[in-house]
file my_file.cif (mmCIF, C-alpha atoms and all ligand atoms)
data_start
loop_
_atom_site.label_atom_id
_atom_site.label_comp_id
_atom_site.auth_asym_id
_atom_site.auth_seq_id
_atom_site.Cartn_x
_atom_site.Cartn_y
_atom_site.Cartn_z
CA ASP D 1154 -51.15 -146.14 76.44
CA LYS D 1155 -47.55 -146.48 75.31
CA GLY D 1156 -46.80 -142.77 75.63
CA ASN D 1157 -43.93 -141.86 73.28
CA HIS D 1158 -42.74 -145.44 73.10
CA ARG D 1159 -43.14 -148.03 70.37
CA HIS D 1160 -43.84 -150.82 72.81
CA PHE D 1161 -45.10 -151.26 76.35
CA MET D 1162 -41.83 -152.97 77.16
CA ALA D 1163 -39.85 -149.83 76.29
CA LYS D 1164 -42.26 -147.66 78.25
CA GLU D 1165 -41.95 -149.94 81.27
CA ILE D 1166 -38.14 -150.03 81.05
CA TYR D 1167 -38.17 -146.23 81.06
CA GLU D 1168 -40.57 -146.03 84.00
CA GLN D 1169 -38.08 -147.74 86.28
CA PRO D 1170 -36.47 -144.67 87.89
CA ILE D 1171 -39.93 -143.46 88.91
CA VAL D 1172 -41.53 -146.72 90.01
CA VAL D 1173 -38.45 -147.89 91.90
CA ALA D 1174 -38.38 -144.52 93.70
CA GLN D 1175 -42.09 -144.99 94.44
CA THR D 1176 -41.42 -148.47 95.82
CA LEU D 1177 -38.45 -147.30 97.90
CA ARG D 1178 -40.55 -144.53 99.42
CA ALA D 1179 -42.66 -147.21 101.11
CA TYR D 1180 -39.55 -148.85 102.64
CA LEU D 1181 -37.06 -146.06 103.40
CA GLN D 1182 -37.43 -143.44 106.07
CA ARG D 1183 -34.88 -141.06 104.60
CA LEU D 1184 -35.03 -138.44 107.32
CA GLU D 1185 -34.34 -140.98 110.04
CA ASP D 1186 -31.88 -143.01 107.92
CA LYS D 1187 -34.00 -146.09 108.49
CA VAL D 1188 -35.13 -148.91 106.30
CA THR D 1189 -38.48 -150.31 107.44
CA LEU D 1190 -41.23 -152.65 106.27
CA PRO D 1191 -44.95 -151.93 105.96
CA ILE D 1192 -45.60 -154.72 108.51
CA PRO D 1193 -44.67 -152.97 111.77
CA ASP D 1194 -46.01 -155.59 114.18
CA PHE D 1195 -44.15 -158.59 112.87
CA ASP D 1196 -41.02 -159.66 114.75
CA LEU D 1197 -38.43 -160.79 112.20
CA SER D 1198 -35.96 -161.89 114.88
CA VAL D 1199 -37.84 -165.21 115.25
CA ILE D 1200 -37.11 -166.18 111.63
CA LYS D 1201 -34.76 -169.15 111.58
CA ARG D 1202 -34.71 -169.96 107.92
CA VAL D 1203 -35.97 -168.46 104.68
CA THR D 1204 -37.45 -170.31 101.72
CA ILE D 1205 -37.93 -168.36 98.50
CA VAL D 1206 -40.20 -169.61 95.75
CA ALA D 1207 -41.12 -167.96 92.45
CA CYS D 1208 -41.07 -168.48 88.67
CA GLY D 1209 -39.22 -166.88 85.76
CA THR D 1210 -37.94 -163.37 86.28
CA SER D 1211 -39.41 -163.23 89.80
CA TYR D 1212 -37.32 -166.31 90.63
CA TYR D 1213 -34.17 -164.50 89.51
CA ALA D 1214 -35.03 -161.60 91.82
CA GLY D 1215 -35.22 -164.22 94.57
CA MET D 1216 -31.79 -165.56 93.61
CA VAL D 1217 -30.29 -162.10 94.05
CA ALA D 1218 -32.05 -161.81 97.42
CA LYS D 1219 -30.52 -165.08 98.61
CA TYR D 1220 -27.06 -163.47 98.39
CA TRP D 1221 -28.32 -160.47 100.36
CA PHE D 1222 -30.09 -162.44 103.12
CA GLU D 1223 -27.08 -164.66 103.65
CA GLN D 1224 -24.55 -161.85 103.52
CA PHE D 1225 -26.35 -159.26 105.63
CA ALA D 1226 -28.59 -161.28 107.95
CA ARG D 1227 -26.64 -164.57 108.03
CA VAL D 1228 -29.92 -166.46 107.62
CA ALA D 1229 -29.88 -169.68 105.58
CA VAL D 1230 -31.93 -169.45 102.40
CA ASP D 1231 -33.42 -172.25 100.35
CA ILE D 1232 -34.66 -171.19 96.93
CA ASP D 1233 -36.43 -173.03 94.16
CA VAL D 1234 -38.68 -172.52 91.18
CA ALA D 1235 -42.26 -173.10 92.27
CA SER D 1236 -42.92 -175.96 89.87
CA GLU D 1237 -40.06 -177.98 91.42
CA PHE D 1238 -40.60 -176.91 95.01
CA ARG D 1239 -44.12 -178.33 95.05
CA TYR D 1240 -43.10 -181.81 94.11
CA ARG D 1241 -39.81 -182.36 95.91
CA ALA D 1242 -40.89 -182.89 99.55
CA PRO D 1243 -39.09 -179.74 100.79
CA VAL D 1244 -38.05 -179.73 104.46
CA MET D 1245 -39.48 -176.70 106.25
CA GLU D 1246 -38.79 -176.32 109.93
CA ASP D 1247 -40.91 -174.39 112.42
CA GLY D 1248 -40.06 -170.72 112.56
CA GLY D 1249 -39.44 -170.51 108.84
CA LEU D 1250 -40.34 -167.63 106.58
CA MET D 1251 -41.54 -168.46 103.09
CA ILE D 1252 -41.21 -165.63 100.59
CA VAL D 1253 -43.18 -165.83 97.38
CA ILE D 1254 -42.32 -163.31 94.67
CA SER D 1255 -44.75 -162.60 91.86
CA GLN D 1256 -45.65 -159.68 89.66
CA SER D 1257 -49.19 -160.92 89.03
CA GLY D 1258 -49.78 -162.63 92.36
CA GLU D 1259 -51.68 -165.30 90.41
CA THR D 1260 -49.01 -167.65 89.01
CA ALA D 1261 -50.46 -171.11 89.59
CA ASP D 1262 -47.30 -172.90 90.72
CA THR D 1263 -46.22 -170.12 93.06
CA LEU D 1264 -49.68 -169.96 94.59
CA ALA D 1265 -49.71 -173.73 95.12
CA ALA D 1266 -46.28 -173.48 96.80
CA LEU D 1267 -47.62 -170.73 99.06
CA ARG D 1268 -50.55 -172.91 100.13
CA HIS D 1269 -48.30 -175.91 100.68
CA ALA D 1270 -45.90 -173.94 102.88
CA LYS D 1271 -48.78 -172.39 104.81
CA ALA D 1272 -50.14 -175.83 105.58
CA GLU D 1273 -46.64 -176.73 106.84
CA GLY D 1274 -46.76 -173.88 109.34
CA GLN D 1275 -44.50 -171.37 107.58
CA THR D 1276 -45.09 -167.64 107.83
CA ILE D 1277 -45.79 -166.39 104.32
CA ALA D 1278 -44.48 -163.09 103.00
CA ALA D 1279 -45.61 -162.11 99.51
CA VAL D 1280 -43.69 -159.66 97.34
CA VAL D 1281 -46.37 -158.92 94.77
CA ASN D 1282 -47.20 -156.14 92.37
CA VAL D 1283 -50.97 -156.61 92.17
CA PRO D 1284 -52.29 -155.74 95.64
CA THR D 1285 -55.69 -157.34 95.03
CA SER D 1286 -54.20 -160.65 93.84
CA THR D 1287 -54.78 -164.06 95.39
CA MET D 1288 -51.24 -164.24 96.78
CA ALA D 1289 -51.57 -160.81 98.34
CA ARG D 1290 -54.74 -161.96 100.08
CA GLU D 1291 -53.49 -165.33 101.25
CA ALA D 1292 -50.10 -164.20 102.58
CA ASP D 1293 -49.52 -163.35 106.24
CA LEU D 1294 -47.28 -160.42 105.35
CA LEU D 1295 -47.75 -158.31 102.26
CA LEU D 1296 -44.70 -156.55 100.84
CA PRO D 1297 -46.02 -154.69 97.83
CA THR D 1298 -43.98 -153.54 94.86
CA HIS D 1299 -45.30 -150.28 93.48
CA ALA D 1300 -44.41 -150.81 89.83
CA GLY D 1301 -47.92 -150.06 88.55
CA PRO D 1302 -49.55 -152.25 85.88
CA GLU D 1303 -47.04 -154.16 83.79
CA ILE D 1304 -48.40 -154.92 80.32
CA GLY D 1305 -45.41 -156.26 78.37
CA VAL D 1306 -45.12 -160.03 78.70
CA ALA D 1307 -41.41 -159.57 79.39
CA SER D 1308 -41.16 -158.48 83.01
CA THR D 1309 -38.94 -155.41 83.51
CA LYS D 1310 -40.06 -152.81 86.03
CA ALA D 1311 -41.60 -155.45 88.29
CA PHE D 1312 -38.14 -157.05 88.58
CA THR D 1313 -36.27 -153.93 89.69
CA CYS D 1314 -39.07 -153.07 92.14
CA GLN D 1315 -38.92 -156.62 93.55
CA LEU D 1316 -35.18 -156.19 94.08
CA ALA D 1317 -35.76 -152.91 95.91
CA VAL D 1318 -38.27 -154.56 98.26
CA LEU D 1319 -36.05 -157.60 98.82
CA ALA D 1320 -33.06 -155.38 99.66
CA ALA D 1321 -35.23 -153.62 102.26
CA LEU D 1322 -36.34 -156.98 103.64
CA ALA D 1323 -32.72 -158.20 103.87
CA ALA D 1324 -31.75 -155.06 105.77
CA ASN D 1325 -34.68 -155.46 108.16
CA LEU D 1326 -33.85 -159.08 108.77
CA ALA D 1327 -30.22 -158.12 109.46
CA LYS D 1328 -31.40 -155.48 111.94
CA ALA D 1329 -33.73 -157.90 113.68
CA LYS D 1330 -30.88 -160.41 113.97
CA GLY D 1331 -28.60 -157.77 115.52
CA ARG D 1332 -26.29 -157.83 112.53
CA MET D 1333 -26.58 -154.25 111.41
CA THR D 1334 -25.34 -151.16 113.21
CA PRO D 1335 -27.14 -147.83 112.79
CA GLU D 1336 -24.14 -146.64 110.72
CA GLU D 1337 -24.47 -149.63 108.40
CA GLU D 1338 -28.19 -149.01 108.11
CA LYS D 1339 -27.55 -145.40 107.25
CA ALA D 1340 -25.12 -146.47 104.52
CA ILE D 1341 -27.68 -148.91 103.08
CA VAL D 1342 -30.35 -146.21 103.03
CA ALA D 1343 -27.94 -143.93 101.20
CA HIS D 1344 -27.07 -146.57 98.62
CA LEU D 1345 -30.70 -147.50 97.98
CA ALA D 1346 -31.63 -143.85 97.70
CA GLU D 1347 -29.12 -143.56 94.82
CA VAL D 1348 -30.88 -146.24 92.78
CA PRO D 1349 -33.39 -144.08 90.86
CA ALA D 1350 -30.67 -141.69 89.63
CA ALA D 1351 -28.42 -144.62 88.75
CA LEU D 1352 -31.27 -146.23 86.77
CA ASN D 1353 -31.69 -142.95 84.95
CA ASP D 1354 -27.98 -142.90 84.07
CA ALA D 1355 -28.22 -146.50 82.90
CA LEU D 1356 -31.10 -145.53 80.57
CA GLY D 1357 -28.70 -142.98 79.07
CA ARG D 1358 -26.87 -145.93 77.47
CA ASP D 1359 -29.92 -146.80 75.38
CA GLU D 1360 -28.58 -145.48 72.06
CA ALA D 1361 -25.21 -147.13 72.52
CA ILE D 1362 -26.95 -150.44 73.25
CA GLU D 1363 -29.21 -150.04 70.23
CA ALA D 1364 -26.14 -149.41 68.08
CA MET D 1365 -24.48 -152.69 69.09
CA ALA D 1366 -27.65 -154.83 69.15
CA GLY D 1367 -27.17 -155.82 65.49
CA ALA D 1368 -24.09 -157.86 66.43
CA VAL D 1369 -26.25 -159.95 68.76
CA ALA D 1370 -29.31 -160.09 66.49
CA VAL D 1371 -27.43 -162.18 63.88
CA ALA D 1372 -26.44 -164.85 66.41
CA ARG D 1373 -28.10 -168.22 66.80
CA ASP D 1374 -26.86 -168.69 70.35
CA VAL D 1375 -25.80 -166.22 73.03
CA LEU D 1376 -24.20 -166.79 76.42
CA TYR D 1377 -24.47 -164.51 79.46
CA LEU D 1378 -21.93 -164.75 82.26
CA GLY D 1379 -21.85 -163.28 85.76
CA ARG D 1380 -20.71 -164.08 89.30
CA GLY D 1381 -22.36 -163.49 92.66
CA THR D 1382 -25.48 -161.35 92.27
CA ASP D 1383 -24.56 -160.90 88.60
CA TYR D 1384 -25.12 -164.61 88.03
CA PRO D 1385 -28.93 -164.30 88.40
CA LEU D 1386 -28.68 -161.23 86.18
CA ALA D 1387 -26.99 -163.38 83.53
CA LEU D 1388 -29.92 -165.80 83.81
CA GLU D 1389 -32.36 -162.90 83.55
CA GLY D 1390 -30.55 -161.48 80.51
CA ALA D 1391 -30.75 -164.84 78.78
CA LEU D 1392 -34.44 -165.27 79.64
CA LYS D 1393 -35.30 -161.80 78.33
CA LEU D 1394 -33.42 -162.42 75.09
CA LYS D 1395 -34.95 -165.80 74.38
CA GLU D 1396 -38.52 -164.86 75.21
CA ILE D 1397 -38.71 -161.78 72.99
CA SER D 1398 -36.08 -162.31 70.25
CA TYR D 1399 -36.35 -166.13 70.03
CA ILE D 1400 -32.56 -166.39 70.04
CA HIS D 1401 -31.28 -169.31 72.08
CA ALA D 1402 -29.50 -167.90 75.13
CA GLU D 1403 -28.04 -169.37 78.31
CA GLY D 1404 -26.95 -167.71 81.50
CA TYR D 1405 -24.03 -169.25 83.37
CA ALA D 1406 -22.10 -168.63 86.52
CA ALA D 1407 -18.84 -167.34 85.04
CA GLY D 1408 -16.74 -169.88 86.94
CA GLU D 1409 -18.81 -172.77 85.59
CA MET D 1410 -17.79 -172.13 81.95
CA LYS D 1411 -14.74 -174.34 82.05
CA HIS D 1412 -16.87 -177.25 83.27
CA GLY D 1413 -18.50 -177.72 79.90
CA PRO D 1414 -20.11 -174.74 78.17
CA ILE D 1415 -16.78 -173.28 77.01
CA ALA D 1416 -16.85 -176.05 74.39
CA LEU D 1417 -19.59 -174.04 72.64
CA ILE D 1418 -17.41 -170.99 72.18
CA ASP D 1419 -16.50 -169.88 68.68
CA GLU D 1420 -16.70 -166.61 66.78
CA HIS D 1421 -20.43 -167.07 66.16
CA VAL D 1422 -21.51 -167.08 69.83
CA PRO D 1423 -21.58 -163.63 71.42
CA VAL D 1424 -20.81 -163.77 75.15
CA ILE D 1425 -22.31 -161.03 77.29
CA VAL D 1426 -20.26 -160.56 80.45
CA ILE D 1427 -21.86 -158.70 83.36
CA ALA D 1428 -19.02 -157.51 85.57
CA PRO D 1429 -19.23 -154.30 87.56
CA SER D 1430 -15.91 -153.42 89.19
CA GLY D 1431 -15.88 -154.79 92.73
CA PRO D 1432 -14.69 -157.76 94.73
CA LEU D 1433 -15.56 -160.39 92.09
CA PHE D 1434 -14.39 -158.42 89.05
CA GLU D 1435 -10.95 -160.03 88.62
CA LYS D 1436 -12.41 -163.52 88.83
CA THR D 1437 -15.06 -162.83 86.20
CA VAL D 1438 -12.52 -161.17 83.93
CA SER D 1439 -10.27 -164.19 84.05
CA ASN D 1440 -13.24 -166.35 82.92
CA MET D 1441 -13.91 -163.78 80.20
CA GLN D 1442 -10.31 -164.02 79.00
CA GLU D 1443 -10.63 -167.80 78.78
CA VAL D 1444 -13.55 -167.20 76.42
CA GLN D 1445 -11.57 -164.66 74.37
CA ALA D 1446 -8.61 -167.03 74.09
CA ARG D 1447 -10.95 -169.44 72.30
CA GLY D 1448 -12.08 -166.89 69.76
CA GLY D 1449 -15.23 -165.86 71.68
CA LYS D 1450 -16.72 -162.44 70.93
CA VAL D 1451 -17.30 -160.68 74.23
CA VAL D 1452 -19.61 -157.79 75.07
CA LEU D 1453 -18.52 -156.42 78.44
CA ILE D 1454 -21.06 -154.61 80.62
CA SER D 1455 -19.13 -152.79 83.34
CA ASP D 1456 -18.29 -149.31 84.63
CA ALA D 1457 -15.53 -147.00 83.37
CA GLU D 1458 -12.99 -148.56 85.71
CA GLY D 1459 -13.87 -152.11 84.66
CA ILE D 1460 -13.83 -151.24 80.97
CA ALA D 1461 -10.47 -149.48 81.29
CA ALA D 1462 -9.07 -152.59 82.96
CA ALA D 1463 -10.57 -155.28 80.73
CA GLY D 1464 -12.42 -153.77 77.76
CA GLU D 1465 -9.65 -154.35 75.26
CA GLY D 1466 -10.36 -157.16 72.86
CA CYS D 1467 -14.14 -157.02 73.42
CA ILE D 1468 -16.37 -156.55 70.37
CA ALA D 1469 -18.38 -154.00 72.35
CA THR D 1470 -18.52 -152.52 75.81
CA ILE D 1471 -21.50 -151.00 77.61
CA GLU D 1472 -20.35 -148.43 80.12
CA MET D 1473 -22.50 -148.23 83.20
CA PRO D 1474 -22.47 -145.67 85.99
CA LYS D 1475 -20.38 -146.67 88.99
CA ALA D 1476 -22.74 -148.49 91.37
CA HIS D 1477 -22.14 -149.80 94.89
CA PRO D 1478 -22.19 -153.66 94.87
CA LEU D 1479 -25.47 -153.65 96.84
CA ILE D 1480 -27.35 -151.74 94.17
CA ALA D 1481 -25.43 -152.98 91.11
CA PRO D 1482 -27.88 -155.85 90.38
CA ILE D 1483 -30.76 -153.35 90.26
CA VAL D 1484 -28.90 -150.93 87.99
CA TYR D 1485 -27.44 -153.60 85.70
CA ALA D 1486 -30.93 -154.95 85.00
CA VAL D 1487 -31.40 -151.99 82.64
CA PRO D 1488 -28.73 -152.84 80.04
CA VAL D 1489 -29.79 -156.50 79.87
CA GLN D 1490 -33.40 -155.42 79.34
CA LEU D 1491 -32.45 -152.84 76.70
CA LEU D 1492 -30.20 -155.28 74.87
CA ALA D 1493 -32.97 -157.88 74.62
CA TYR D 1494 -35.41 -155.18 73.56
CA HIS D 1495 -33.26 -153.79 70.74
CA VAL D 1496 -32.31 -157.22 69.47
CA ALA D 1497 -36.01 -158.16 69.32
CA VAL D 1498 -36.87 -154.92 67.54
CA ALA D 1499 -34.04 -155.55 65.05
CA LYS D 1500 -35.47 -159.03 64.42
CA GLY D 1501 -38.99 -157.69 64.01
CA THR D 1502 -40.62 -159.95 66.60
CA ASP D 1503 -43.75 -159.09 68.57
CA VAL D 1504 -42.00 -157.58 71.58
CA ASP D 1505 -45.02 -157.11 73.85
CA GLN D 1506 -46.80 -160.34 72.94
CA PRO D 1507 -44.14 -162.92 72.15
CA ARG D 1508 -45.38 -166.18 70.67
CA ASN D 1509 -46.48 -169.00 72.98
CA LEU D 1510 -46.41 -166.81 76.11
CA ALA D 1511 -49.03 -165.30 78.40
CA LYS D 1512 -48.58 -162.46 80.85
CA SER D 1513 -49.99 -164.41 83.73
CA VAL D 1514 -49.49 -168.18 83.93
CA THR D 1515 -52.50 -169.43 85.84
CA VAL D 1516 -52.21 -173.06 84.80
CA GLU D 1517 -49.64 -175.57 86.02
O1 LIG D 1601 -46.41 -162.90 87.67
P1 LIG D 1601 -45.19 -163.64 88.07
O2 LIG D 1601 -44.07 -162.73 88.53
O3 LIG D 1601 -45.45 -164.72 89.08
O4 LIG D 1601 -44.68 -164.35 86.74
C1 LIG D 1601 -43.58 -165.22 86.75
C2 LIG D 1601 -43.11 -165.53 85.35
O5 LIG D 1601 -44.14 -166.12 84.60
C3 LIG D 1601 -42.61 -164.29 84.62
O6 LIG D 1601 -41.59 -163.63 85.33
C4 LIG D 1601 -42.07 -164.65 83.24
O7 LIG D 1601 -40.92 -165.44 83.35
C5 LIG D 1601 -41.81 -163.39 82.42
N1 LIG D 1601 -42.40 -163.51 81.10
C6 LIG D 1601 -40.35 -163.07 82.27
O8 LIG D 1601 -40.12 -161.92 81.53
#
call {"tool": "encode", "arguments": {"input": "my_file.cif", "output": "structure tokens"}}
result
Amino acid sequence: DKGNHRHFMAKEIYEQPIVVAQTLRAYLQRLEDKVTLPIPDFDLSVIKRVTIVACGTSYYAGMVAKYWFEQFARVAVDIDVASEFRYRAPVMEDGGLMIVISQSGETADTLAALRHAKAEGQTIAAVVNVPTSTMAREADLLLPTHAGPEIGVASTKAFTCQLAVLAALAANLAKAKGRMTPEEEKAIVAHLAEVPAALNDALGRDEAIEAMAGAVAVARDVLYLGRGTDYPLALEGALKLKEISYIHAEGYAAGEMKHGPIALIDEHVPVIVIAPSGPLFEKTVSNMQEVQARGGKVVLISDAEGIAAAGEGCIATIEMPKAHPLIAPIVYAVPVQLLAYHVAVAKGTDVDQPRNLAKSVTVE
């Protein structure tokens, strides 16, 4: 049932404030200002190294988590797409935690990676949305997302729920490693608790995004740029756009542009820049200005402060609510999803069942 929506994808984008709140309820103890995991008996302090393996959108959630684990817990993280991980003789030392991330819990490559790592003596944590799935059963530690059934082939609400769980895991790892004071934990709980309302605010930009989607729908190629945790979001934006609108799109780390891709820039290639105000803002903006100096047409996704500072000269801006850097990647998922959605609708493609794709990839 699509409710009032034209597509399951739109319905699932709109469910995010509720399902992320539902997911966070399983990980935050608001009254005690604590962030916990539904695996009380497991001692995270023994974890020496983390390996993250997933595919597609779930992989990009893992990329965001790598920044969090390293920053908060100071634990080294190795991350790969499952199809590469399996065949590259990865080095996994004793005491390692392997995290698989999967909406379906059935993706063939991710499951094979799980089994491989298990045989190598890793502890397996599974961030999965289907609690009865094979990965959920075979993992040592189950960290469920509570997104509910996701029907649209393009993953949306599963992604933001995965990020919520991974943020909670990063905080717990930091605690276990003695790297988080109770005050810092309290602050993290407060920031995560703001996410559902911030997602709701972000959904308020829907009409504005729909209004500018036409400028992207005419393009043959689109670039997405971001830095830090916004880099995986750039990759996610590009994946969403290509899978449902069939427009060629690439995500790049903003600082990598001048090492080649800037040669592609002309007035026909829209460049979507994801840059919330914060410590990396100036750096991303200077990469954005390099694009503009070459005639590139920029769409800036930022908050009021960022748009006031750098919005001039952009063909469009998408103004987001102000979000703390920890939660920004969760909140900024919404505009990239909505942009892909409206571009696909403008192009008349089959949004929920894009060509050549299946919801669950159970073959290698
Ligand atoms: O079920 P999983 O999360 O393991 O699926 C992984 C990918 O197949 C999936 O995220 C795919 O990339 C989506 N169609 C992206 O929207």
call {"tool": "residues_around", "arguments": {"input": "my_file.cif", "residues": "Asp1247 (chain D)", "least_positions_apart": "6", "cutoff": "12 Å", "atoms": "all atoms listed in the file", "output": "list of chain:residue names"}}
result
D:Val1199, D:Ile1200, D:Lys1201, D:Arg1202, D:Val1203, D:Thr1204, D:Ala1270, D:Lys1271, D:Ala1272, D:Glu1273, D:Gly1274, D:Gln1275, D:Thr1276
call {"tool": "write_last_selection", "arguments": {"input": "my_file.cif", "atoms": "C-alpha atoms", "output": "PDB file, in the frame of the given file"}}
result
ATOM      1  CA  VAL D1199     -37.840-165.210 115.250  1.00  0.00           C
ATOM      2  CA  ILE D1200     -37.110-166.180 111.630  1.00  0.00           C
ATOM      3  CA  LYS D1201     -34.760-169.150 111.580  1.00  0.00           C
ATOM      4  CA  ARG D1202     -34.710-169.960 107.920  1.00  0.00           C
ATOM      5  CA  VAL D1203     -35.970-168.460 104.680  1.00  0.00           C
ATOM      6  CA  THR D1204     -37.450-170.310 101.720  1.00  0.00           C
ATOM      7  CA  ALA D1270     -45.900-173.940 102.880  1.00  0.00           C
ATOM      8  CA  LYS D1271     -48.780-172.390 104.810  1.00  0.00           C
ATOM      9  CA  ALA D1272     -50.140-175.830 105.580  1.00  0.00           C
ATOM     10  CA  GLU D1273     -46.640-176.730 106.840  1.00  0.00           C
ATOM     11  CA  GLY D1274     -46.760-173.880 109.340  1.00  0.00           C
ATOM     12  CA  GLN D1275     -44.500-171.370 107.580  1.00  0.00           C
ATOM     13  CA  THR D1276     -45.090-167.640 107.830  1.00  0.00           C
TER      14      THR D1276
END
call {"tool": "closest_residue", "arguments": {"input": "my_file.cif", "among": "D:Ser1513, D:Gln1315, D:Ser1455, D:Gln1175", "to": "Val1489 (chain D)", "atoms": "only C-alpha atoms"}}
result
D:Ser1455
call {"tool": "atom_distance", "arguments": {"input": "my_file.cif", "atom1": "CA of Asn1325 (chain D)", "atom2": "CA of Ala1226 (chain D)"}}
result
8.4 Å
call {"tool": "residues_near_ligand", "arguments": {"input": "my_file.cif", "ligand": "ligand LIG 1601 (chain D)", "cutoff": "8 Å", "atoms": "all atoms listed in the file", "output": "PyMOL selection string"}}
result
chain D and resi 1207-1212+1254-1260+1263+1281+1306-1309+1311+1392-1393+1396+1510-1514
call {"tool": "residues_near_point", "arguments": {"input": "my_file.cif", "point": "(-23.5, -146.1, 90.9)", "cutoff": "10 Å", "atoms": "all atoms listed in the file", "output": "ChimeraX atom specification"}}
result
/D:1344,1347-1348,1350-1352,1354-1355,1429,1456,1473-1481,1484-1485
call {"tool": "write_last_selection", "arguments": {"input": "my_file.cif", "atoms": "C-alpha atoms", "output": "JSON list (two decimals), in the coordinates of the input"}}
result
[["chain", "number", "residue", "atom", "x", "y", "z"],
["D", 1344, "HIS", "CA", -27.07, -146.57, 98.62],
["D", 1347, "GLU", "CA", -29.12, -143.56, 94.82],
["D", 1348, "VAL", "CA", -30.88, -146.24, 92.78],
["D", 1350, "ALA", "CA", -30.67, -141.69, 89.63],
["D", 1351, "ALA", "CA", -28.42, -144.62, 88.75],
["D", 1352, "LEU", "CA", -31.27, -146.23, 86.77],
["D", 1354, "ASP", "CA", -27.98, -142.90, 84.07],
["D", 1355, "ALA", "CA", -28.22, -146.50, 82.90],
["D", 1429, "PRO", "CA", -19.23, -154.30, 87.56],
["D", 1456, "ASP", "CA", -18.29, -149.31, 84.63],
["D", 1473, "MET", "CA", -22.50, -148.23, 83.20],
["D", 1474, "PRO", "CA", -22.47, -145.67, 85.99],
["D", 1475, "LYS", "CA", -20.38, -146.67, 88.99],
["D", 1476, "ALA", "CA", -22.74, -148.49, 91.37],
["D", 1477, "HIS", "CA", -22.14, -149.80, 94.89],
["D", 1478, "PRO", "CA", -22.19, -153.66, 94.87],
["D", 1479, "LEU", "CA", -25.47, -153.65, 96.84],
["D", 1480, "ILE", "CA", -27.35, -151.74, 94.17],
["D", 1481, "ALA", "CA", -25.43, -152.98, 91.11],
["D", 1484, "VAL", "CA", -28.90, -150.93, 87.99],
["D", 1485, "TYR", "CA", -27.44, -153.60, 85.70]]
call {"tool": "residues_around", "arguments": {"input": "my_file.cif", "residues": "Pro1243 (chain D)", "least_positions_apart": "2", "cutoff": "12 Å", "atoms": "all atoms listed in the file", "output": "PyMOL selection string"}}
result
chain D and resi 1204-1206+1231-1233+1235+1237-1241+1245-1246+1251+1266+1269-1270+1273
call {"tool": "write_last_selection", "arguments": {"input": "my_file.cif", "atoms": "C-alpha atoms", "output": "compact mmCIF listing (two decimals), in the frame of the given file"}}
result
# COMPACT_ATOMS: atom_id res chain seq x y z
CA THR D 1204 -37.45 -170.31 101.72
CA ILE D 1205 -37.93 -168.36 98.50
CA VAL D 1206 -40.20 -169.61 95.75
CA ASP D 1231 -33.42 -172.25 100.35
CA ILE D 1232 -34.66 -171.19 96.93
CA ASP D 1233 -36.43 -173.03 94.16
CA ALA D 1235 -42.26 -173.10 92.27
CA GLU D 1237 -40.06 -177.98 91.42
CA PHE D 1238 -40.60 -176.91 95.01
CA ARG D 1239 -44.12 -178.33 95.05
CA TYR D 1240 -43.10 -181.81 94.11
CA ARG D 1241 -39.81 -182.36 95.91
CA MET D 1245 -39.48 -176.70 106.25
CA GLU D 1246 -38.79 -176.32 109.93
CA MET D 1251 -41.54 -168.46 103.09
CA ALA D 1266 -46.28 -173.48 96.80
CA HIS D 1269 -48.30 -175.91 100.68
CA ALA D 1270 -45.90 -173.94 102.88
CA GLU D 1273 -46.64 -176.73 106.84
call {"tool": "closest_residue", "arguments": {"input": "my_file.cif", "among": "D:Ala1416, D:Cys1467, D:Ala1364, D:Val1188", "to": "Glu1337 (chain D)", "atoms": "only C-alpha atoms"}}
result
D:Val1188
call {"tool": "residues_around", "arguments": {"input": "my_file.cif", "residues": "Phe1434 (chain D)", "least_positions_apart": "3", "cutoff": "10 Å", "atoms": "all atoms listed in the file", "output": "list in words"}}
result
Gly1379, Arg1380, Ile1427, Ala1428, Pro1429, Ser1430, Gly1431, Thr1437, Val1438, Ser1439, Ser1455, Gly1459, Ala1462 and Ala1463 of chain D
call {"tool": "closest_residue", "arguments": {"input": "my_file.cif", "among": "D:His1299, D:Arg1332, D:Lys1411, D:Arg1447", "to": "Ser1198 (chain D)", "atoms": "only C-alpha atoms"}}
result
D:Arg1332
call {"tool": "closest_residue", "arguments": {"input": "my_file.cif", "among": "D:Val1516, D:Ala1346, D:Ala1372, D:Ile1460", "to": "Leu1184 (chain D)", "atoms": "only C-alpha atoms"}}
result
D:Ala1346
call {"tool": "atom_distance", "arguments": {"input": "my_file.cif", "atom1": "CA of Ile1483 (chain D)", "atom2": "CA of Ala1407 (chain D)"}}
result
19.1 Å
call {"tool": "closest_residue", "arguments": {"input": "my_file.cif", "among": "D:Ala1317, D:Ala1343, D:Ala1329, D:Ala1387", "to": "Pro1297 (chain D)", "atoms": "only C-alpha atoms"}}
result
D:Ala1317
call {"tool": "residues_near_point", "arguments": {"input": "my_file.cif", "point": "(-27.3, -156.8, 66.6)", "cutoff": "9 Å", "atoms": "all atoms listed in the file", "output": "ChimeraX atom specification"}}
result
/D:1363-1372,1492,1495-1496,1499-1500
call {"tool": "closest_residue", "arguments": {"input": "my_file.cif", "among": "D:Asp1293, D:Glu1168, D:Asp1374, D:Glu1223", "to": "Asp1194 (chain D)", "atoms": "only C-alpha atoms"}}
result
D:Asp1293
call {"tool": "atom_distance", "arguments": {"input": "my_file.cif", "atom1": "CA of Ile1418 (chain D)", "atom2": "CA of Asp1359 (chain D)"}}
result
27.4 Å
call {"tool": "residues_around", "arguments": {"input": "my_file.cif", "residues": "Ile1166 (chain D)", "least_positions_apart": "4", "cutoff": "9 Å", "atoms": "all atoms listed in the file", "output": "list in words"}}
result
Phe1161, Met1162, Pro1170, Thr1309, Lys1310, Leu1356, Val1487, Gln1490 and Leu1491 of chain D
